[in-house]
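The file query_38.txt comes next; it holds compact mmCIF, C-alpha atoms and all ligand atoms.
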# COMPACT_ATOMS: atom_id res chain seq x y z
CA MET D 27 5.18 7.42 4.15
CA LYS D 28 4.06 4.72 6.55
CA LEU D 29 1.25 3.64 4.28
CA PHE D 30 3.67 3.42 1.35
CA LYS D 31 5.83 0.94 3.17
CA LYS D 32 2.87 -1.08 4.31
CA ILE D 33 1.39 -1.25 0.84
CA LEU D 34 4.74 -2.14 -0.60
CA ALA D 35 5.33 -4.93 1.91
CA VAL D 36 1.84 -6.30 1.62
CA GLY D 37 1.84 -5.78 -2.11
CA LEU D 38 4.92 -7.70 -2.96
CA VAL D 39 3.88 -10.74 -0.97
CA ALA D 40 0.23 -10.57 -1.89
CA ALA D 41 0.92 -9.94 -5.55
CA MET D 42 1.96 -13.52 -5.93
CA THR D 43 -0.85 -15.06 -3.93
CA LEU D 44 -4.01 -13.04 -4.09
CA SER D 45 -6.69 -13.78 -6.58
CA MET D 46 -8.81 -11.06 -8.18
CA ALA D 47 -10.32 -8.47 -5.97
CA ALA D 48 -11.38 -4.87 -6.67
CA CYS D 49 -14.98 -3.89 -6.57
CA GLY D 50 -16.55 -6.22 -9.04
CA SER D 51 -16.82 -6.08 -12.75
CA SER D 52 -19.59 -6.23 -15.26
CA LYS D 53 -20.16 -6.48 -18.97
CA SER D 54 -17.49 -7.11 -21.50
CA GLU D 55 -16.55 -5.68 -24.85
CA ASP D 56 -14.71 -8.62 -26.21
CA LYS D 57 -12.92 -7.84 -29.41
CA LYS D 58 -10.79 -10.81 -30.25
CA GLU D 59 -8.23 -10.17 -32.94
CA GLU D 60 -5.13 -11.93 -34.13
CA ALA D 61 -2.25 -10.97 -31.92
CA GLY D 62 0.56 -8.86 -33.24
CA ASN D 63 3.98 -8.89 -31.64
CA SER D 64 6.08 -5.85 -30.99
CA ALA D 65 7.92 -4.88 -34.13
CA GLY D 66 11.65 -4.43 -34.37
CA GLY D 67 13.64 -3.48 -31.33
CA THR D 68 11.00 -1.56 -29.43
CA ILE D 69 8.14 -2.26 -27.10
CA THR D 70 5.65 0.59 -27.22
CA PHE D 71 3.88 0.92 -23.88
CA GLY D 72 0.66 2.86 -23.57
CA THR D 73 0.18 4.79 -20.35
CA ASN D 74 -1.66 7.73 -18.86
CA ALA D 75 1.02 9.86 -17.25
CA GLU D 76 -1.35 11.36 -14.68
CA PHE D 77 -0.84 8.83 -11.95
CA PRO D 78 2.07 9.61 -9.65
CA PRO D 79 4.13 7.80 -8.39
CA PHE D 80 3.52 5.23 -11.14
CA GLU D 81 3.63 7.54 -14.18
CA TYR D 82 4.02 11.26 -14.57
CA VAL D 83 5.74 13.75 -16.83
CA THR D 84 9.03 15.26 -15.76
CA ALA D 85 12.01 17.00 -17.35
CA SER D 86 14.05 13.85 -17.73
CA GLY D 87 12.45 10.55 -16.80
CA ALA D 88 13.18 6.83 -16.96
CA ILE D 89 11.84 6.80 -20.53
CA ASP D 90 12.12 10.18 -22.26
CA GLU D 91 10.01 12.67 -20.28
CA PHE D 92 8.06 9.92 -18.52
CA ASP D 93 8.98 8.82 -15.02
CA GLY D 94 7.60 6.73 -12.18
CA ILE D 95 7.48 3.14 -10.93
CA ASP D 96 5.78 1.82 -14.06
CA MET D 97 8.15 3.66 -16.38
CA ALA D 98 11.20 2.21 -14.63
CA ILE D 99 9.62 -1.26 -14.78
CA ALA D 100 8.75 -0.85 -18.49
CA LYS D 101 12.31 0.18 -19.25
CA LYS D 102 13.68 -2.91 -17.48
CA ILE D 103 11.23 -5.23 -19.26
CA ALA D 104 12.36 -3.89 -22.63
CA GLU D 105 16.04 -4.05 -21.71
CA ASP D 106 15.61 -7.58 -20.40
CA ASN D 107 14.44 -8.55 -23.88
CA GLY D 108 17.12 -6.59 -25.72
CA LYS D 109 14.61 -3.94 -26.77
CA THR D 110 13.97 -0.26 -26.17
CA ALA D 111 10.86 0.99 -24.39
CA LYS D 112 8.77 3.73 -25.96
CA ILE D 113 5.83 5.47 -24.34
CA ASN D 114 2.57 6.48 -25.95
CA ASN D 115 0.81 8.78 -23.47
CA MET D 116 -2.98 8.93 -23.77
CA GLU D 117 -6.20 9.09 -21.76
CA PHE D 118 -6.70 6.20 -19.38
CA ASP D 119 -10.01 5.34 -21.01
CA SER D 120 -8.34 4.93 -24.43
CA LEU D 121 -5.60 2.55 -23.34
CA LEU D 122 -7.26 -0.81 -23.88
CA LEU D 123 -8.68 0.26 -27.23
CA ALA D 124 -5.21 1.40 -28.32
CA LEU D 125 -3.97 -2.05 -27.41
CA GLN D 126 -6.69 -3.74 -29.38
CA ASN D 127 -6.02 -1.44 -32.37
CA GLY D 128 -2.31 -2.24 -32.33
CA GLN D 129 -1.35 1.38 -31.53
CA VAL D 130 0.62 0.11 -28.53
CA ASP D 131 2.17 -3.28 -27.73
CA ALA D 132 1.42 -3.24 -24.01
CA VAL D 133 -0.30 -1.07 -21.41
CA ILE D 134 1.43 -0.20 -18.14
CA ALA D 135 -0.66 2.28 -16.19
CA GLY D 136 -1.14 1.19 -12.59
CA MET D 137 -3.94 -0.78 -14.16
CA THR D 138 -5.93 -3.04 -11.88
CA ILE D 139 -6.55 -6.54 -13.20
CA THR D 140 -10.33 -6.91 -13.31
CA ASP D 141 -12.58 -9.61 -14.76
CA GLU D 142 -14.14 -7.06 -17.09
CA ARG D 143 -10.79 -5.91 -18.49
CA LYS D 144 -9.63 -9.54 -18.74
CA GLU D 145 -12.38 -10.13 -21.28
CA ALA D 146 -10.83 -7.51 -23.56
CA VAL D 147 -7.08 -8.01 -23.01
CA ASP D 148 -4.60 -10.41 -21.43
CA PHE D 149 -2.80 -9.42 -18.23
CA SER D 150 0.65 -10.21 -16.95
CA VAL D 151 1.28 -11.64 -13.53
CA PRO D 152 0.53 -8.99 -10.88
CA TYR D 153 3.43 -6.72 -9.97
CA TYR D 154 1.88 -4.46 -7.31
CA THR D 155 -0.99 -4.59 -4.83
CA ALA D 156 -2.98 -1.51 -3.86
CA THR D 157 -6.43 -0.62 -2.63
CA GLN D 158 -8.88 2.23 -3.03
CA VAL D 159 -8.86 4.84 -0.28
CA MET D 160 -10.74 8.06 0.40
CA ILE D 161 -9.04 11.44 0.43
CA VAL D 162 -10.93 13.98 2.54
CA ARG D 163 -10.20 17.37 4.07
CA GLU D 164 -8.47 17.24 7.43
CA ASP D 165 -11.59 18.40 9.30
CA SER D 166 -13.85 15.82 7.61
CA ASP D 167 -16.11 13.55 9.66
CA ILE D 168 -15.82 10.76 7.08
CA GLN D 169 -14.28 7.75 8.83
CA LYS D 170 -15.46 4.88 6.67
CA ALA D 171 -16.91 4.40 3.19
CA ALA D 172 -20.51 4.42 4.44
CA ASP D 173 -19.97 7.95 5.80
CA MET D 174 -19.72 9.15 2.20
CA LYS D 175 -23.43 8.51 1.72
CA GLY D 176 -25.13 11.77 0.77
CA LYS D 177 -21.79 13.57 0.45
CA LYS D 178 -20.24 14.90 -2.72
CA ILE D 179 -17.92 12.19 -4.03
CA VAL D 180 -15.45 12.65 -6.83
CA VAL D 181 -13.58 9.96 -8.79
CA VAL D 182 -11.45 9.73 -11.90
CA GLN D 183 -13.34 8.52 -14.93
CA GLY D 184 -12.67 4.88 -15.80
CA TYR D 185 -10.58 4.14 -12.72
CA THR D 186 -11.56 1.25 -10.45
CA GLY D 187 -12.42 3.91 -7.86
CA GLU D 188 -15.40 4.80 -10.05
CA THR D 189 -16.54 1.16 -10.08
CA CYS D 190 -16.20 1.00 -6.30
CA VAL D 191 -18.41 4.06 -5.77
CA GLN D 192 -20.92 2.74 -8.31
CA ASP D 193 -21.03 -0.55 -6.40
CA LEU D 194 -21.73 1.35 -3.19
CA GLY D 195 -24.69 2.94 -4.98
CA TYR D 196 -23.63 6.52 -4.20
CA ASP D 197 -23.83 9.49 -6.56
CA TYR D 198 -20.53 10.88 -7.74
CA GLU D 199 -18.90 13.15 -10.25
CA ALA D 200 -16.12 11.87 -12.51
CA PHE D 201 -13.14 13.92 -13.67
CA LYS D 202 -10.50 13.15 -16.27
CA LYS D 203 -7.44 13.66 -14.06
CA GLY D 204 -6.51 12.83 -10.49
CA SER D 205 -5.09 16.33 -10.05
CA GLU D 206 -8.53 17.78 -10.94
CA THR D 207 -10.22 15.71 -8.24
CA ILE D 208 -7.76 17.01 -5.64
CA LEU D 209 -8.45 20.60 -6.70
CA GLU D 210 -12.18 19.99 -6.22
CA LEU D 211 -11.53 18.67 -2.72
CA ILE D 212 -9.18 21.46 -1.70
CA ASN D 213 -11.56 24.08 -3.06
CA GLY D 214 -14.42 22.62 -1.03
CA LYS D 215 -16.40 21.55 -4.09
CA CYS D 216 -16.52 17.93 -2.98
CA ASP D 217 -16.20 15.98 0.27
CA ALA D 218 -14.26 12.89 -0.76
CA VAL D 219 -12.08 11.57 -3.56
CA VAL D 220 -11.89 7.80 -4.04
CA ILE D 221 -8.59 6.80 -5.66
CA ASP D 222 -5.73 4.26 -5.50
CA SER D 223 -3.71 4.21 -2.28
CA ALA D 224 -0.18 5.06 -3.42
CA THR D 225 -1.42 7.87 -5.64
CA ALA D 226 -3.50 9.18 -2.74
CA GLU D 227 -0.36 9.21 -0.57
CA LYS D 228 1.39 11.25 -3.20
CA TYR D 229 -1.40 13.81 -3.42
CA VAL D 230 -1.66 14.10 0.36
CA ALA D 231 2.11 14.56 0.66
CA ASP D 232 2.05 17.28 -2.00
CA ASN D 233 -1.01 19.20 -0.79
CA LYS D 234 -1.88 20.71 2.60
CA GLY D 235 -5.15 20.22 4.47
CA ILE D 236 -6.14 16.79 3.17
CA LYS D 237 -5.78 13.28 4.60
CA ILE D 238 -6.38 9.65 3.72
CA VAL D 239 -9.17 7.53 5.20
CA GLU D 240 -8.88 3.79 4.68
CA ASP D 241 -11.72 1.28 4.78
CA PRO D 242 -10.31 -2.18 4.04
CA ASP D 243 -13.66 -3.84 4.79
CA THR D 244 -15.18 -1.98 1.85
CA PHE D 245 -12.25 -1.55 -0.51
CA GLU D 246 -10.53 -4.84 -1.24
CA ALA D 247 -7.02 -5.36 -2.49
CA GLU D 248 -6.39 -4.66 -6.16
CA GLU D 249 -3.53 -6.01 -8.21
CA TYR D 250 -1.81 -4.07 -10.98
CA GLY D 251 -0.86 -5.91 -14.17
CA ILE D 252 0.54 -5.09 -17.60
CA ALA D 253 -1.94 -5.67 -20.41
CA VAL D 254 -1.23 -7.04 -23.89
CA LYS D 255 -3.53 -7.69 -26.81
CA LYS D 256 -5.49 -10.90 -26.38
CA GLY D 257 -3.50 -13.86 -27.60
CA ASN D 258 -0.12 -12.07 -27.76
CA THR D 259 1.52 -14.81 -25.73
CA GLU D 260 5.00 -14.11 -27.10
CA LEU D 261 5.10 -10.61 -25.62
CA LEU D 262 3.16 -11.69 -22.53
CA ASN D 263 5.74 -14.41 -21.79
CA GLN D 264 8.57 -11.91 -22.20
CA ILE D 265 6.83 -9.50 -19.83
CA ASN D 266 6.02 -12.22 -17.29
CA ASP D 267 9.55 -13.57 -17.28
CA ALA D 268 10.92 -10.08 -16.68
CA ILE D 269 8.39 -9.31 -13.93
CA ASN D 270 8.95 -12.62 -12.15
CA LYS D 271 12.68 -12.01 -12.21
CA MET D 272 12.24 -8.46 -10.89
CA LEU D 273 9.86 -9.62 -8.16
CA SER D 274 12.24 -12.30 -6.93
CA ASP D 275 15.48 -10.33 -7.10
CA GLY D 276 13.97 -7.30 -5.37
CA THR D 277 14.15 -4.93 -8.35
CA ILE D 278 10.45 -4.01 -8.23
CA SER D 279 10.66 -3.54 -4.49
CA ASP D 280 13.68 -1.23 -4.92
CA ILE D 281 12.07 0.74 -7.75
CA SER D 282 8.86 1.17 -5.74
CA ALA D 283 10.72 2.31 -2.63
CA GLN D 284 12.72 4.78 -4.68
CA TYR D 285 9.67 6.48 -6.21
CA LEU D 286 7.47 6.26 -3.12
CA ASP D 287 10.10 8.09 -1.09
CA MET D 288 10.93 10.57 -3.81
CA ASP D 289 9.61 14.09 -3.60
CA THR D 290 8.03 14.43 -7.03
CA SER D 291 5.96 17.45 -6.09
CA GLU D 292 7.64 19.64 -8.68
CA ASP D 293 7.42 17.00 -11.36
CA ALA D 294 4.24 15.12 -10.65
CA SER D 295 1.15 15.82 -12.62
CA GLY D 296 -0.61 16.44 -9.32
CA SER D 297 1.59 19.42 -8.54
CA ASP D 298 -0.79 21.82 -10.22
CA ALA D 299 -3.26 21.01 -7.46
CA GLU D 300 -1.25 23.02 -5.00
N1 LIG W 1 -5.83 1.20 -10.59
C1 LIG W 1 -6.85 2.02 -11.14
C2 LIG W 1 -7.50 1.35 -12.30
O1 LIG W 1 -6.99 0.39 -12.81
C3 LIG W 1 -6.32 3.39 -11.55
C4 LIG W 1 -5.29 3.29 -12.62
C5 LIG W 1 -4.79 4.60 -13.13
O2 LIG W 1 -5.31 5.62 -12.85
N2 LIG W 1 -3.76 4.67 -13.87
O3 LIG W 1 -8.53 1.74 -12.73
Conversion result in structure tokens:
Amino acid sequence: MKLFKKILAVGLVAAMTLSMAACGSSKSEDKKEEAGNSAGGTITFGTNAEFPPFEYVTASGAIDEFDGIDMAIAKKIAEDNGKTAKINNMEFDSLLLALQNGQVDAVIAGMTITDERKEAVDFSVPYYTATQVMIVREDSDIQKAADMKGKKIVVVQGYTGETCVQDLGYDYEAFKKGSETILELINGKCDAVVIDSATAEKYVADNKGIKIVEDPDTFEAEEYGIAVKKGNTELLNQINDAINKMLSDGTISDISAQYLDMDTSEDASGSDAE
């Protein structure tokens, strides 16, 4: 819980001031198309509901069966613009393509703003600051990122954690879901999972025998943003106005605190790792 608060406090201040961070970016797949604006009274958000506490599936969530910090924020953004939020749940790797294809109007998925992604889509102002951390077993001797050298490292495919481990030059195995990486760790099939901080906190709170190791010298701050199709300034402005309002009146801070403190172990997608 301590780390949650720290990240939250740091995040909300830093979100407005920090420039890009993360672990570098590389080539682009720039597909510029004419922007389309959200039709009718809905904003369809793409997400990957495998990322507690930002998005996960539950019995009754903020938007249909989807709950979490991002879902509550998406709902408010839509309401702020007199619209209804809908969720299209898909693989993380498919999200930006779905945006480019017009399948979704916006992507809200704890998505880190990176230079590479910025070549494909436009991002809102940042609304949350996080960092990559390592999750290891409690008896692990890993104390910093360099200690992972030669160990079995697991990441989630397409997450910035994968880029970070690539940048370190270490071998790793990539899985589709965060919950799968935690199972690997608990079952002794890997030594470390590299993943976003708040999600790591959630997994550690929900599973026994694992802990978080931070290495801020190696893993820089990352900022989460909402993505829209390149050139869709109308929707981007609506999203930015809503985010700026929610950052200044404390709504995002309240939403984050609510979900970070919530026991979602029965609801979260990571619960099957227990
Ligand atoms: N922040 C990480 C990224 O952008 C992970 C996001 C996620 O899993 N939803 O790659």
Shell of 9 Å around stretch 72-76 of chain D, all atoms listed in the file, local chain residues under 5 positions omitted, as a PyMOL selection string: chain D and resi 81-83+92-94+96-97+112-119+121-122+124-125+129-136+203-205+294-296
Grab me every residue within 6 Å of ligand LIG 1 (chain W), counting all atoms listed in the file, and send it over as an mmCIF file with C-alpha atoms, in the frame of the given file.
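Contents of the output file result12.cif:
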data_model
loop_
_atom_site.group_PDB
_atom_site.id
_atom_site.type_symbol
_atom_site.label_atom_id
_atom_site.label_comp_id
_atom_site.auth_asym_id
_atom_site.auth_seq_id
_atom_site.Cartn_x
_atom_site.Cartn_y
_atom_site.Cartn_z
ATOM 1 C CA PHE D 77 -0.840 8.830 -11.950
ATOM 2 C CA ALA D 135 -0.660 2.280 -16.190
ATOM 3 C CA GLY D 136 -1.140 1.190 -12.590
ATOM 4 C CA MET D 137 -3.940 -0.780 -14.160
ATOM 5 C CA THR D 138 -5.930 -3.040 -11.880
ATOM 6 C CA TYR D 185 -10.580 4.140 -12.720
ATOM 7 C CA THR D 186 -11.560 1.250 -10.450
ATOM 8 C CA ASP D 222 -5.730 4.260 -5.500
#
Compile the contact shell of stretch 178-181 of chain D as a PyMOL selection string: residues with an atom at most 6 Å away, counting all atoms listed in the file, same-chain residues fewer than 3 positions apart removed. chain D and resi 188+198-200+216-220
Straight-line distance linking atom CA of D:Asp232 with atom CA of D:Val159, stated in Å to one decimal: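 Separation between atom CA of D:Asp232 and atom CA of D:Val159: 16.6 Å.
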Between D:Ile212, D:Ala226, D:Ala156, D:Ala146, which residue has the minimum interatomic distance to D:Glu246, considering only C-alpha atoms? D:Ala156
Spatial neighbours of stretch 271-277 of chain D, max dist 9 Å, all atoms listed in the file, sep filter under 5 positions, as a list of chain:residue names: D:Leu38, D:Ile99, D:Lys102, D:Tyr153, D:Asn266, D:Ser282
One residue among D:Lys202, D:Gly184, D:Lys170, D:Thr110 is nearest to D:Pro242 when using all atoms listed in the file, and that residue is D:Lys170
Using Å and a single decimal, report how far atom CA of D:Ile161 sits from atom CA of D:Ile236.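 The value is 6.7 Å.
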Which residue gives the smallest distance to D:Asp173 among D:Leu211, D:Val239, D:Leu262, D:Val147, with only C-alpha atoms counted?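 Closest candidate: D:Val239.
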Residue with smallest distance to D:Ala111 - pool D:Ala98, D:Ile69, D:Ser279, D:Ala85, counting only C-alpha atoms: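 So, comparing all the options, the nearest one is D:Ile69.
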Please report the interatomic distance between atom CA of D:Asp243 and atom CA of D:Tyr196 in Å with one decimal.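 Distance between the two atoms: 17.0 Å.
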Closest of D:Leu261, D:Val182, D:Ile281, D:Ile269 to D:Lys109, counting all atoms listed in the file, is D:Leu261
List every protein, DNA or RNA residue that has an atom no more than 10 Å from (7.5, -10.8, -19.5) in the file's coordinate frame, counting all atoms listed in the file, and report them as a PyMOL selection string. chain D and resi 103-104+106-107+150-151+252+259-271
What would the file look like if the residues just selected were written as a JSON list (two decimals), in the coordinates of the input with C-alpha atoms?
[["chain", "number", "residue", "atom", "x", "y", "z"],
["D", 103, "ILE", "CA", 11.23, -5.23, -19.26],
["D", 104, "ALA", "CA", 12.36, -3.89, -22.63],
["D", 106, "ASP", "CA", 15.61, -7.58, -20.40],
["D", 107, "ASN", "CA", 14.44, -8.55, -23.88],
["D", 150, "SER", "CA", 0.65, -10.21, -16.95],
["D", 151, "VAL", "CA", 1.28, -11.64, -13.53],
["D", 252, "ILE", "CA", 0.54, -5.09, -17.60],
["D", 259, "THR", "CA", 1.52, -14.81, -25.73],
["D", 260, "GLU", "CA", 5.00, -14.11, -27.10],
["D", 261, "LEU", "CA", 5.10, -10.61, -25.62],
["D", 262, "LEU", "CA", 3.16, -11.69, -22.53],
["D", 263, "ASN", "CA", 5.74, -14.41, -21.79],
["D", 264, "GLN", "CA", 8.57, -11.91, -22.20],
["D", 265, "ILE", "CA", 6.83, -9.50, -19.83],
["D", 266, "ASN", "CA", 6.02, -12.22, -17.29],
["D", 267, "ASP", "CA", 9.55, -13.57, -17.28],
["D", 268, "ALA", "CA", 10.92, -10.08, -16.68],
["D", 269, "ILE", "CA", 8.39, -9.31, -13.93],
["D", 270, "ASN", "CA", 8.95, -12.62, -12.15],
["D", 271, "LYS", "CA", 12.68, -12.01, -12.21]]
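Closest to D:Thr157 among D:Gln126, D:Gln183, D:Ser86, D:Thr244 is D:Thr244, based on all atoms listed in the file.
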Final all heavy atoms of stretch 84-95 of chain D as a PDB file, keeping the file's coordinate frame:
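After the write, selection23.pdb holds the following:
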ATOM      1  N   THR D  84       7.971  14.510 -16.438  1.00  0.00           N
ATOM      2  CA  THR D  84       9.030  15.260 -15.760  1.00  0.00           C
ATOM      3  C   THR D  84      10.038  15.727 -16.805  1.00  0.00           C
ATOM      4  O   THR D  84       9.883  15.431 -17.989  1.00  0.00           O
ATOM      5  CB  THR D  84       9.693  14.361 -14.691  1.00  0.00           C
ATOM      6  OG1 THR D  84      10.633  15.121 -13.972  1.00  0.00           O
ATOM      7  CG2 THR D  84      10.390  13.166 -15.319  1.00  0.00           C
ATOM      8  N   ALA D  85      11.047  16.477 -16.363  1.00  0.00           N
ATOM      9  CA  ALA D  85      12.010  17.000 -17.350  1.00  0.00           C
ATOM     10  C   ALA D  85      12.765  15.849 -18.013  1.00  0.00           C
ATOM     11  O   ALA D  85      12.876  15.783 -19.232  1.00  0.00           O
ATOM     12  CB  ALA D  85      12.972  17.961 -16.663  1.00  0.00           C
ATOM     13  N   SER D  86      13.266  14.957 -17.193  1.00  0.00           N
ATOM     14  CA  SER D  86      14.050  13.850 -17.730  1.00  0.00           C
ATOM     15  C   SER D  86      13.709  12.593 -16.940  1.00  0.00           C
ATOM     16  O   SER D  86      14.117  12.440 -15.793  1.00  0.00           O
ATOM     17  CB  SER D  86      15.533  14.199 -17.609  1.00  0.00           C
ATOM     18  OG  SER D  86      16.301  13.072 -17.913  1.00  0.00           O
ATOM     19  N   GLY D  87      12.941  11.706 -17.532  1.00  0.00           N
ATOM     20  CA  GLY D  87      12.450  10.550 -16.800  1.00  0.00           C
ATOM     21  C   GLY D  87      13.142   9.256 -17.168  1.00  0.00           C
ATOM     22  O   GLY D  87      14.134   9.250 -17.895  1.00  0.00           O
ATOM     23  N   ALA D  88      12.613   8.148 -16.665  1.00  0.00           N
ATOM     24  CA  ALA D  88      13.180   6.830 -16.960  1.00  0.00           C
ATOM     25  C   ALA D  88      13.106   6.553 -18.466  1.00  0.00           C
ATOM     26  O   ALA D  88      14.024   5.996 -19.055  1.00  0.00           O
ATOM     27  CB  ALA D  88      12.427   5.754 -16.180  1.00  0.00           C
ATOM     28  N   ILE D  89      11.991   6.940 -19.078  1.00  0.00           N
ATOM     29  CA  ILE D  89      11.840   6.800 -20.530  1.00  0.00           C
ATOM     30  C   ILE D  89      11.438   8.177 -21.069  1.00  0.00           C
ATOM     31  O   ILE D  89      10.320   8.639 -20.832  1.00  0.00           O
ATOM     32  CB  ILE D  89      10.739   5.774 -20.899  1.00  0.00           C
ATOM     33  CG1 ILE D  89      11.003   4.418 -20.208  1.00  0.00           C
ATOM     34  CG2 ILE D  89      10.641   5.612 -22.412  1.00  0.00           C
ATOM     35  CD1 ILE D  89       9.877   3.421 -20.357  1.00  0.00           C
ATOM     36  N   ASP D  90      12.349   8.814 -21.760  1.00  0.00           N
ATOM     37  CA  ASP D  90      12.120  10.180 -22.260  1.00  0.00           C
ATOM     38  C   ASP D  90      11.624  11.077 -21.121  1.00  0.00           C
ATOM     39  O   ASP D  90      12.211  11.071 -20.044  1.00  0.00           O
ATOM     40  CB  ASP D  90      11.135  10.168 -23.449  1.00  0.00           C
ATOM     41  CG  ASP D  90      11.614   9.225 -24.556  1.00  0.00           C
ATOM     42  OD1 ASP D  90      12.838   9.160 -24.775  1.00  0.00           O
ATOM     43  OD2 ASP D  90      10.768   8.556 -25.167  1.00  0.00           O
ATOM     44  N   GLU D  91      10.496  11.767 -21.334  1.00  0.00           N
ATOM     45  CA  GLU D  91      10.010  12.670 -20.280  1.00  0.00           C
ATOM     46  C   GLU D  91       9.086  11.966 -19.282  1.00  0.00           C
ATOM     47  O   GLU D  91       8.476  12.607 -18.440  1.00  0.00           O
ATOM     48  CB  GLU D  91       9.318  13.897 -20.887  1.00  0.00           C
ATOM     49  CG  GLU D  91       7.953  13.633 -21.521  1.00  0.00           C
ATOM     50  CD  GLU D  91       8.025  13.299 -23.012  1.00  0.00           C
ATOM     51  OE1 GLU D  91       8.966  12.591 -23.439  1.00  0.00           O
ATOM     52  OE2 GLU D  91       7.121  13.741 -23.749  1.00  0.00           O
ATOM     53  N   PHE D  92       8.984  10.655 -19.373  1.00  0.00           N
ATOM     54  CA  PHE D  92       8.060   9.920 -18.520  1.00  0.00           C
ATOM     55  C   PHE D  92       8.810   9.203 -17.393  1.00  0.00           C
ATOM     56  O   PHE D  92       9.794   8.511 -17.636  1.00  0.00           O
ATOM     57  CB  PHE D  92       7.249   8.913 -19.346  1.00  0.00           C
ATOM     58  CG  PHE D  92       6.502   9.582 -20.463  1.00  0.00           C
ATOM     59  CD1 PHE D  92       6.960   9.513 -21.767  1.00  0.00           C
ATOM     60  CD2 PHE D  92       5.362  10.338 -20.192  1.00  0.00           C
ATOM     61  CE1 PHE D  92       6.294  10.164 -22.792  1.00  0.00           C
ATOM     62  CE2 PHE D  92       4.685  10.992 -21.220  1.00  0.00           C
ATOM     63  CZ  PHE D  92       5.160  10.908 -22.521  1.00  0.00           C
ATOM     64  N   ASP D  93       8.311   9.422 -16.173  1.00  0.00           N
ATOM     65  CA  ASP D  93       8.980   8.820 -15.020  1.00  0.00           C
ATOM     66  C   ASP D  93       7.967   8.169 -14.097  1.00  0.00           C
ATOM     67  O   ASP D  93       6.755   8.387 -14.239  1.00  0.00           O
ATOM     68  CB  ASP D  93       9.792   9.897 -14.275  1.00  0.00           C
ATOM     69  CG  ASP D  93      11.032   9.311 -13.598  1.00  0.00           C
ATOM     70  OD1 ASP D  93      11.302   8.102 -13.772  1.00  0.00           O
ATOM     71  OD2 ASP D  93      11.728  10.069 -12.902  1.00  0.00           O
ATOM     72  N   GLY D  94       8.473   7.381 -13.149  1.00  0.00           N
ATOM     73  CA  GLY D  94       7.600   6.730 -12.180  1.00  0.00           C
ATOM     74  C   GLY D  94       7.905   5.231 -12.112  1.00  0.00           C
ATOM     75  O   GLY D  94       8.709   4.705 -12.886  1.00  0.00           O
ATOM     76  N   ILE D  95       7.257   4.573 -11.167  1.00  0.00           N
ATOM     77  CA  ILE D  95       7.480   3.140 -10.930  1.00  0.00           C
ATOM     78  C   ILE D  95       7.239   2.342 -12.214  1.00  0.00           C
ATOM     79  O   ILE D  95       8.077   1.526 -12.623  1.00  0.00           O
ATOM     80  CB  ILE D  95       6.540   2.636  -9.807  1.00  0.00           C
ATOM     81  CG1 ILE D  95       6.880   3.327  -8.483  1.00  0.00           C
ATOM     82  CG2 ILE D  95       6.637   1.112  -9.657  1.00  0.00           C
ATOM     83  CD1 ILE D  95       5.849   3.094  -7.364  1.00  0.00           C
TER      84      ILE D  95
END
